[in-house]
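J.: Here you go, protein11.pdb (PDB, N, CA and C atoms, pLDDT in the B column):
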ATOM      1  N   ARG A   1       0.819  -1.203   0.000  1.00 91.00           N
ATOM      2  CA  ARG A   1       0.000   0.000   0.000  1.00 91.00           C
ATOM      3  C   ARG A   1       0.858   1.260   0.000  1.00 91.00           C
ATOM      4  N   SER A   2       2.122   1.067  -0.314  1.00 96.00           N
ATOM      5  CA  SER A   2       3.005   2.227  -0.398  1.00 96.00           C
ATOM      6  C   SER A   2       2.678   3.020  -1.665  1.00 96.00           C
ATOM      7  N   PRO A   3       2.974   4.324  -1.666  1.00 98.00           N
ATOM      8  CA  PRO A   3       2.677   5.159  -2.839  1.00 98.00           C
ATOM      9  C   PRO A   3       3.350   4.608  -4.096  1.00 98.00           C
ATOM     10  N   LYS A   4       2.725   4.864  -5.232  1.00 98.00           N
ATOM     11  CA  LYS A   4       3.222   4.375  -6.518  1.00 98.00           C
ATOM     12  C   LYS A   4       3.392   5.533  -7.492  1.00 98.00           C
ATOM     13  N   GLY A   5       4.361   5.398  -8.387  1.00 98.00           N
ATOM     14  CA  GLY A   5       4.578   6.361  -9.465  1.00 98.00           C
ATOM     15  C   GLY A   5       4.300   5.701 -10.794  1.00 98.00           C
ATOM     16  N   ASP A   6       4.866   6.255 -11.852  1.00 98.00           N
ATOM     17  CA  ASP A   6       4.702   5.670 -13.183  1.00 98.00           C
ATOM     18  C   ASP A   6       5.264   4.255 -13.208  1.00 98.00           C
ATOM     19  N   GLY A   7       4.615   3.376 -13.947  1.00 98.00           N
ATOM     20  CA  GLY A   7       5.115   2.019 -14.093  1.00 98.00           C
ATOM     21  C   GLY A   7       4.005   1.013 -14.237  1.00 98.00           C
ATOM     22  N   PHE A   8       4.426  -0.252 -14.264  1.00 98.00           N
ATOM     23  CA  PHE A   8       3.518  -1.395 -14.348  1.00 98.00           C
ATOM     24  C   PHE A   8       3.585  -2.154 -13.033  1.00 98.00           C
ATOM     25  N   TYR A   9       2.430  -2.541 -12.511  1.00 98.00           N
ATOM     26  CA  TYR A   9       2.356  -3.225 -11.221  1.00 98.00           C
ATOM     27  C   TYR A   9       1.424  -4.423 -11.326  1.00 98.00           C
ATOM     28  N   LEU A  10       1.842  -5.560 -10.779  1.00 98.00           N
ATOM     29  CA  LEU A  10       0.981  -6.741 -10.730  1.00 98.00           C
ATOM     30  C   LEU A  10       0.048  -6.619  -9.528  1.00 98.00           C
ATOM     31  N   VAL A  11      -1.253  -6.807  -9.762  1.00 98.00           N
ATOM     32  CA  VAL A  11      -2.246  -6.716  -8.697  1.00 98.00           C
ATOM     33  C   VAL A  11      -2.023  -7.859  -7.704  1.00 98.00           C
ATOM     34  N   ASN A  12      -2.123  -7.562  -6.431  1.00 97.00           N
ATOM     35  CA  ASN A  12      -1.923  -8.491  -5.319  1.00 97.00           C
ATOM     36  C   ASN A  12      -0.462  -8.909  -5.136  1.00 97.00           C
ATOM     37  N   VAL A  13       0.441  -8.379  -5.949  1.00 98.00           N
ATOM     38  CA  VAL A  13       1.876  -8.645  -5.793  1.00 98.00           C
ATOM     39  C   VAL A  13       2.591  -7.324  -5.535  1.00 98.00           C
ATOM     40  N   ASP A  14       2.476  -6.390  -6.514  1.00 98.00           N
ATOM     41  CA  ASP A  14       3.144  -5.092  -6.418  1.00 98.00           C
ATOM     42  C   ASP A  14       2.210  -3.973  -5.959  1.00 98.00           C
ATOM     43  N   ILE A  15       0.910  -4.167  -6.142  1.00 98.00           N
ATOM     44  CA  ILE A  15      -0.061  -3.128  -5.783  1.00 98.00           C
ATOM     45  C   ILE A  15      -1.290  -3.780  -5.160  1.00 98.00           C
ATOM     46  N   ALA A  16      -1.793  -3.175  -4.109  1.00 98.00           N
ATOM     47  CA  ALA A  16      -2.969  -3.699  -3.410  1.00 98.00           C
ATOM     48  C   ALA A  16      -4.241  -3.302  -4.154  1.00 98.00           C
ATOM     49  N   PRO A  17      -5.213  -4.214  -4.216  1.00 98.00           N
ATOM     50  CA  PRO A  17      -6.501  -3.838  -4.796  1.00 98.00           C
ATOM     51  C   PRO A  17      -7.187  -2.806  -3.906  1.00 98.00           C
ATOM     52  N   GLY A  18      -8.018  -1.993  -4.519  1.00 98.00           N
ATOM     53  CA  GLY A  18      -8.749  -0.971  -3.781  1.00 98.00           C
ATOM     54  C   GLY A  18      -8.785   0.330  -4.549  1.00 98.00           C
ATOM     55  N   VAL A  19      -9.063   1.408  -3.830  1.00 98.00           N
ATOM     56  CA  VAL A  19      -9.165   2.741  -4.424  1.00 98.00           C
ATOM     57  C   VAL A  19      -7.846   3.482  -4.212  1.00 98.00           C
ATOM     58  N   TRP A  20      -7.325   4.016  -5.302  1.00 98.00           N
ATOM     59  CA  TRP A  20      -6.080   4.794  -5.289  1.00 98.00           C
ATOM     60  C   TRP A  20      -6.373   6.188  -5.838  1.00 98.00           C
ATOM     61  N   ARG A  21      -5.699   7.214  -5.298  1.00 98.00           N
ATOM     62  CA  ARG A  21      -5.896   8.597  -5.751  1.00 98.00           C
ATOM     63  C   ARG A  21      -4.586   9.180  -6.240  1.00 98.00           C
ATOM     64  N   SER A  22      -4.662   9.828  -7.392  1.00 97.00           N
ATOM     65  CA  SER A  22      -3.506  10.497  -7.988  1.00 97.00           C
ATOM     66  C   SER A  22      -3.414  11.917  -7.451  1.00 97.00           C
ATOM     67  N   ASN A  23      -2.179  12.391  -7.210  1.00 96.00           N
ATOM     68  CA  ASN A  23      -2.005  13.767  -6.747  1.00 96.00           C
ATOM     69  C   ASN A  23      -1.415  14.663  -7.823  1.00 96.00           C
ATOM     70  N   GLY A  24      -1.371  14.195  -9.064  1.00 95.00           N
ATOM     71  CA  GLY A  24      -0.767  14.967 -10.151  1.00 95.00           C
ATOM     72  C   GLY A  24      -1.654  16.101 -10.632  1.00 95.00           C
ATOM     73  N   ASP A  25      -1.085  16.932 -11.529  1.00 93.00           N
ATOM     74  CA  ASP A  25      -1.845  18.044 -12.094  1.00 93.00           C
ATOM     75  C   ASP A  25      -1.729  18.082 -13.626  1.00 93.00           C
ATOM     76  N   SER A  26      -1.401  16.946 -14.207  1.00 93.00           N
ATOM     77  CA  SER A  26      -1.245  16.843 -15.657  1.00 93.00           C
ATOM     78  C   SER A  26      -2.592  16.589 -16.325  1.00 93.00           C
ATOM     79  N   ASN A  27      -2.716  17.009 -17.588  1.00 96.00           N
ATOM     80  CA  ASN A  27      -3.912  16.666 -18.356  1.00 96.00           C
ATOM     81  C   ASN A  27      -3.602  15.525 -19.324  1.00 96.00           C
ATOM     82  N   GLN A  28      -2.469  14.842 -19.105  1.00 96.00           N
ATOM     83  CA  GLN A  28      -2.093  13.698 -19.933  1.00 96.00           C
ATOM     84  C   GLN A  28      -1.824  12.474 -19.062  1.00 96.00           C
ATOM     85  N   CYS A  29      -2.694  12.281 -18.079  1.00 98.00           N
ATOM     86  CA  CYS A  29      -2.605  11.135 -17.169  1.00 98.00           C
ATOM     87  C   CYS A  29      -3.264   9.929 -17.837  1.00 98.00           C
ATOM     88  N   TYR A  30      -2.562   8.802 -17.825  1.00 98.00           N
ATOM     89  CA  TYR A  30      -3.136   7.559 -18.348  1.00 98.00           C
ATOM     90  C   TYR A  30      -2.971   6.467 -17.307  1.00 98.00           C
ATOM     91  N   TRP A  31      -4.039   5.739 -17.051  1.00 98.00           N
ATOM     92  CA  TRP A  31      -3.946   4.530 -16.234  1.00 98.00           C
ATOM     93  C   TRP A  31      -4.846   3.464 -16.830  1.00 98.00           C
ATOM     94  N   ALA A  32      -4.456   2.206 -16.601  1.00 98.00           N
ATOM     95  CA  ALA A  32      -5.233   1.081 -17.106  1.00 98.00           C
ATOM     96  C   ALA A  32      -5.082  -0.109 -16.177  1.00 98.00           C
ATOM     97  N   VAL A  33      -6.173  -0.856 -16.033  1.00 98.00           N
ATOM     98  CA  VAL A  33      -6.163  -2.133 -15.314  1.00 98.00           C
ATOM     99  C   VAL A  33      -6.511  -3.196 -16.349  1.00 98.00           C
ATOM    100  N   THR A  34      -5.674  -4.232 -16.447  1.00 98.00           N
ATOM    101  CA  THR A  34      -5.896  -5.268 -17.452  1.00 98.00           C
ATOM    102  C   THR A  34      -5.980  -6.655 -16.822  1.00 98.00           C
ATOM    103  N   ARG A  35      -6.548  -7.583 -17.586  1.00 98.00           N
ATOM    104  CA  ARG A  35      -6.596  -8.998 -17.217  1.00 98.00           C
ATOM    105  C   ARG A  35      -5.294  -9.665 -17.678  1.00 98.00           C
ATOM    106  N   ALA A  36      -5.081 -10.894 -17.271  1.00 97.00           N
ATOM    107  CA  ALA A  36      -3.864 -11.626 -17.648  1.00 97.00           C
ATOM    108  C   ALA A  36      -3.751 -11.793 -19.161  1.00 97.00           C
ATOM    109  N   ASN A  37      -4.881 -11.847 -19.879  1.00 97.00           N
ATOM    110  CA  ASN A  37      -4.840 -12.005 -21.330  1.00 97.00           C
ATOM    111  C   ASN A  37      -4.685 -10.675 -22.062  1.00 97.00           C
ATOM    112  N   GLY A  38      -4.562  -9.566 -21.314  1.00 96.00           N
ATOM    113  CA  GLY A  38      -4.366  -8.247 -21.911  1.00 96.00           C
ATOM    114  C   GLY A  38      -5.631  -7.444 -22.101  1.00 96.00           C
ATOM    115  N   ASP A  39      -6.799  -8.052 -21.899  1.00 98.00           N
ATOM    116  CA  ASP A  39      -8.055  -7.308 -22.023  1.00 98.00           C
ATOM    117  C   ASP A  39      -8.115  -6.198 -20.978  1.00 98.00           C
ATOM    118  N   THR A  40      -8.634  -5.042 -21.377  1.00 98.00           N
ATOM    119  CA  THR A  40      -8.757  -3.906 -20.471  1.00 98.00           C
ATOM    120  C   THR A  40     -10.009  -4.043 -19.609  1.00 98.00           C
ATOM    121  N   ILE A  41      -9.831  -3.928 -18.297  1.00 98.00           N
ATOM    122  CA  ILE A  41     -10.958  -3.906 -17.364  1.00 98.00           C
ATOM    123  C   ILE A  41     -11.471  -2.480 -17.250  1.00 98.00           C
ATOM    124  N   ASP A  42     -10.550  -1.528 -17.082  1.00 97.00           N
ATOM    125  CA  ASP A  42     -10.896  -0.112 -16.950  1.00 97.00           C
ATOM    126  C   ASP A  42      -9.661   0.702 -17.297  1.00 97.00           C
ATOM    127  N   ASN A  43      -9.870   1.925 -17.815  1.00 98.00           N
ATOM    128  CA  ASN A  43      -8.749   2.821 -18.070  1.00 98.00           C
ATOM    129  C   ASN A  43      -9.220   4.265 -18.085  1.00 98.00           C
ATOM    130  N   HIS A  44      -8.265   5.173 -18.167  1.00 98.00           N
ATOM    131  CA  HIS A  44      -8.560   6.604 -18.168  1.00 98.00           C
ATOM    132  C   HIS A  44      -7.428   7.333 -18.868  1.00 98.00           C
ATOM    133  N   TYR A  45      -7.766   8.343 -19.653  1.00 98.00           N
ATOM    134  CA  TYR A  45      -6.773   9.263 -20.205  1.00 98.00           C
ATOM    135  C   TYR A  45      -7.347  10.657 -20.089  1.00 98.00           C
ATOM    136  N   GLY A  46      -6.597  11.559 -19.466  1.00 97.00           N
ATOM    137  CA  GLY A  46      -7.062  12.927 -19.294  1.00 97.00           C
ATOM    138  C   GLY A  46      -6.441  13.536 -18.051  1.00 97.00           C
ATOM    139  N   MET A  47      -7.247  14.246 -17.294  1.00 96.00           N
ATOM    140  CA  MET A  47      -6.752  14.942 -16.106  1.00 96.00           C
ATOM    141  C   MET A  47      -6.350  13.962 -15.010  1.00 96.00           C
ATOM    142  N   SER A  48      -5.246  14.271 -14.350  1.00 96.00           N
ATOM    143  CA  SER A  48      -4.865  13.510 -13.162  1.00 96.00           C
ATOM    144  C   SER A  48      -5.562  14.129 -11.961  1.00 96.00           C
ATOM    145  N   GLY A  49      -5.307  13.566 -10.788  1.00 94.00           N
ATOM    146  CA  GLY A  49      -5.939  14.081  -9.587  1.00 94.00           C
ATOM    147  C   GLY A  49      -7.203  13.326  -9.224  1.00 94.00           C
ATOM    148  N   GLY A  50      -7.544  12.296  -9.985  1.00 95.00           N
ATOM    149  CA  GLY A  50      -8.739  11.517  -9.714  1.00 95.00           C
ATOM    150  C   GLY A  50      -8.415  10.220  -9.010  1.00 95.00           C
ATOM    151  N   THR A  51      -9.385   9.315  -9.024  1.00 97.00           N
ATOM    152  CA  THR A  51      -9.209   8.026  -8.369  1.00 97.00           C
ATOM    153  C   THR A  51      -9.268   6.899  -9.394  1.00 97.00           C
ATOM    154  N   ALA A  52      -8.680   5.770  -9.026  1.00 97.00           N
ATOM    155  CA  ALA A  52      -8.739   4.555  -9.829  1.00 97.00           C
ATOM    156  C   ALA A  52      -9.113   3.416  -8.897  1.00 97.00           C
ATOM    157  N   PHE A  53     -10.054   2.588  -9.326  1.00 98.00           N
ATOM    158  CA  PHE A  53     -10.409   1.398  -8.557  1.00 98.00           C
ATOM    159  C   PHE A  53      -9.665   0.214  -9.160  1.00 98.00           C
ATOM    160  N   ILE A  54      -8.852  -0.442  -8.354  1.00 98.00           N
ATOM    161  CA  ILE A  54      -8.089  -1.607  -8.775  1.00 98.00           C
ATOM    162  C   ILE A  54      -8.797  -2.843  -8.210  1.00 98.00           C
ATOM    163  N   PRO A  55      -9.485  -3.625  -9.056  1.00 98.00           N
ATOM    164  CA  PRO A  55     -10.184  -4.804  -8.546  1.00 98.00           C
ATOM    165  C   PRO A  55      -9.212  -5.941  -8.258  1.00 98.00           C
ATOM    166  N   ALA A  56      -9.553  -6.767  -7.281  1.00 97.00           N
ATOM    167  CA  ALA A  56      -8.716  -7.922  -6.942  1.00 97.00           C
ATOM    168  C   ALA A  56      -8.627  -8.893  -8.114  1.00 97.00           C
ATOM    169  N   SER A  57      -9.600  -8.851  -9.014  1.00 96.00           N
ATOM    170  CA  SER A  57      -9.602  -9.743 -10.176  1.00 96.00           C
ATOM    171  C   SER A  57      -8.685  -9.252 -11.292  1.00 96.00           C
ATOM    172  N   GLY A  58      -8.136  -8.037 -11.141  1.00 98.00           N
ATOM    173  CA  GLY A  58      -7.224  -7.516 -12.155  1.00 98.00           C
ATOM    174  C   GLY A  58      -5.894  -8.249 -12.118  1.00 98.00           C
ATOM    175  N   PHE A  59      -5.130  -8.122 -13.198  1.00 98.00           N
ATOM    176  CA  PHE A  59      -3.820  -8.756 -13.290  1.00 98.00           C
ATOM    177  C   PHE A  59      -2.700  -7.728 -13.200  1.00 98.00           C
ATOM    178  N   GLN A  60      -2.823  -6.649 -13.984  1.00 98.00           N
ATOM    179  CA  GLN A  60      -1.764  -5.655 -14.052  1.00 98.00           C
ATOM    180  C   GLN A  60      -2.346  -4.251 -14.110  1.00 98.00           C
ATOM    181  N   VAL A  61      -1.600  -3.291 -13.553  1.00 98.00           N
ATOM    182  CA  VAL A  61      -1.980  -1.882 -13.581  1.00 98.00           C
ATOM    183  C   VAL A  61      -0.841  -1.103 -14.225  1.00 98.00           C
ATOM    184  N   GLU A  62      -1.200  -0.151 -15.090  1.00 98.00           N
ATOM    185  CA  GLU A  62      -0.213   0.764 -15.655  1.00 98.00           C
ATOM    186  C   GLU A  62      -0.569   2.181 -15.230  1.00 98.00           C
ATOM    187  N   PHE A  63       0.402   2.921 -14.722  1.00 98.00           N
ATOM    188  CA  PHE A  63       0.260   4.343 -14.414  1.00 98.00           C
ATOM    189  C   PHE A  63       1.266   5.106 -15.267  1.00 98.00           C
ATOM    190  N   ASN A  64       0.825   6.207 -15.882  1.00 98.00           N
ATOM    191  CA  ASN A  64       1.722   6.995 -16.704  1.00 98.00           C
ATOM    192  C   ASN A  64       1.306   8.465 -16.685  1.00 98.00           C
ATOM    193  N   GLY A  65       2.160   9.324 -16.150  1.00 97.00           N
ATOM    194  CA  GLY A  65       1.929  10.763 -16.187  1.00 97.00           C
ATOM    195  C   GLY A  65       0.885  11.286 -15.231  1.00 97.00           C
ATOM    196  N   CYS A  66       0.571  10.522 -14.178  1.00 97.00           N
ATOM    197  CA  CYS A  66      -0.504  10.902 -13.256  1.00 97.00           C
ATOM    198  C   CYS A  66       0.014  11.454 -11.928  1.00 97.00           C
ATOM    199  N   GLY A  67       1.317  11.519 -11.759  1.00 97.00           N
ATOM    200  CA  GLY A  67       1.861  11.937 -10.470  1.00 97.00           C
ATOM    201  C   GLY A  67       1.997  10.737  -9.552  1.00 97.00           C
ATOM    202  N   ARG A  68       1.913  10.998  -8.269  1.00 98.00           N
ATOM    203  CA  ARG A  68       2.060   9.939  -7.263  1.00 98.00           C
ATOM    204  C   ARG A  68       0.679   9.418  -6.877  1.00 98.00           C
ATOM    205  N   TRP A  69       0.565   8.099  -6.746  1.00 98.00           N
ATOM    206  CA  TRP A  69      -0.692   7.466  -6.382  1.00 98.00           C
ATOM    207  C   TRP A  69      -0.638   7.051  -4.910  1.00 98.00           C
ATOM    208  N   GLU A  70      -1.678   7.394  -4.153  1.00 98.00           N
ATOM    209  CA  GLU A  70      -1.791   7.054  -2.736  1.00 98.00           C
ATOM    210  C   GLU A  70      -2.964   6.100  -2.542  1.00 98.00           C
ATOM    211  N   PHE A  71      -2.773   5.098  -1.701  1.00 98.00           N
ATOM    212  CA  PHE A  71      -3.834   4.148  -1.386  1.00 98.00           C
ATOM    213  C   PHE A  71      -4.877   4.824  -0.498  1.00 98.00           C
ATOM    214  N   ILE A  72      -6.153   4.675  -0.846  1.00 97.00           N
ATOM    215  CA  ILE A  72      -7.245   5.300  -0.084  1.00 97.00           C
ATOM    216  C   ILE A  72      -8.012   4.271   0.739  1.00 97.00           C
ATOM    217  N   SER A  73      -8.507   3.196   0.088  1.00 97.00           N
ATOM    218  CA  SER A  73      -9.288   2.211   0.818  1.00 97.00           C
ATOM    219  C   SER A  73      -9.287   0.860   0.105  1.00 97.00           C
ATOM    220  N   ALA A  74      -9.526  -0.185   0.888  1.00 95.00           N
ATOM    221  CA  ALA A  74      -9.621  -1.532   0.350  1.00 95.00           C
ATOM    222  C   ALA A  74     -10.947  -1.698  -0.400  1.00 95.00           C
ATOM    223  N   PRO A  75     -11.041  -2.709  -1.299  1.00 88.00           N
ATOM    224  CA  PRO A  75     -12.281  -2.896  -2.060  1.00 88.00           C
ATOM    225  C   PRO A  75     -13.450  -3.308  -1.181  1.00 88.00           C
TER     226      PRO A  75
END
In structure tokens, write the structure found in this file.
T.:
Amino acid sequence: RSPKGDGFYLVNVDIAPGVWRSNGDSNQCYWAVTRANGDTIDNHYGMSGGTAFIPASGFQVEFNGCGRWEFISAP
């Protein structure tokens, strides 16, 4: 549940499932949660400073250009 920056994280290994909030101020923030087969569960491109829900059923999370992500709550 430590803060995260840009990168790829495996759910339940590198990143905890739950609600995460970005503290960035960019309008080119991209995040995505994918399944093991690469299918997208959820994603966002646009303003940072919002939240992302990482489901326990997800496989991988990508953060890019959103600033630092802080863990808010468990699912």
J.: Nearest residue to Ile72 (chain A) out of A:Met47, A:Ile41, A:Cys29, A:Ala16, using only C-alpha atoms?
T.: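 Using only C-alpha atoms, the shortest distance to Ile72 (chain A) belongs to A:Ala16.
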J.: Report as AutoDock Vina command-line options the centre and the edge lengths, in Å to one decimal, of the axis-aligned box holding every listed atom of region 58-70 of chain A, padded by 3 Å on each side.
T.:
--center_x -3.0 --center_y 1.6 --center_z -9.6 --size_x 16.3 --size_y 26.7 --size_z 20.2
J.: Quick one: distance from atom N of Ala74 (chain A) to CA of Tyr45 (chain A) in Å, one decimal?
T.: 23.3 Å
J.: Name the residues captured by the PyMOL selection byres ((chain A and resi 66) around 6) when it is applied to the shown file; answer as an MDAnalysis selection string.
T.: chainID A and resid 22:25 28:30 48:49 63:65 67:68
J.: Could you work out how far atom N of Gly46 (chain A) lies from atom C of Pro17 (chain A), giving the answer in Å with one decimal?
T.: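 We find that atom C of Pro17 (chain A) and atom N of Gly46 (chain A) lie 21.2 Å from each other.
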J.: Going by the chain IDs and residue numbers used in this file, which residues fall under the PyMOL selection byres ((chain A and resi 3-12) around 5)? Write them as a ChimeraX atom specification.
T.: /A:1-2,13-16,59-64,68-70
J.: If I take CA of Thr51 (chain A) and CA of Val33 (chain A), how far is one from the other in Å, to one decimal?
T.: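 These two atoms are separated by 12.7 Å.
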J.: Which residues match the PyMOL selection byres ((chain A and resi 52) around 7) in the file above, as a PyMOL selection string?
T.: chain A and resi 18-22+50-51+53-54
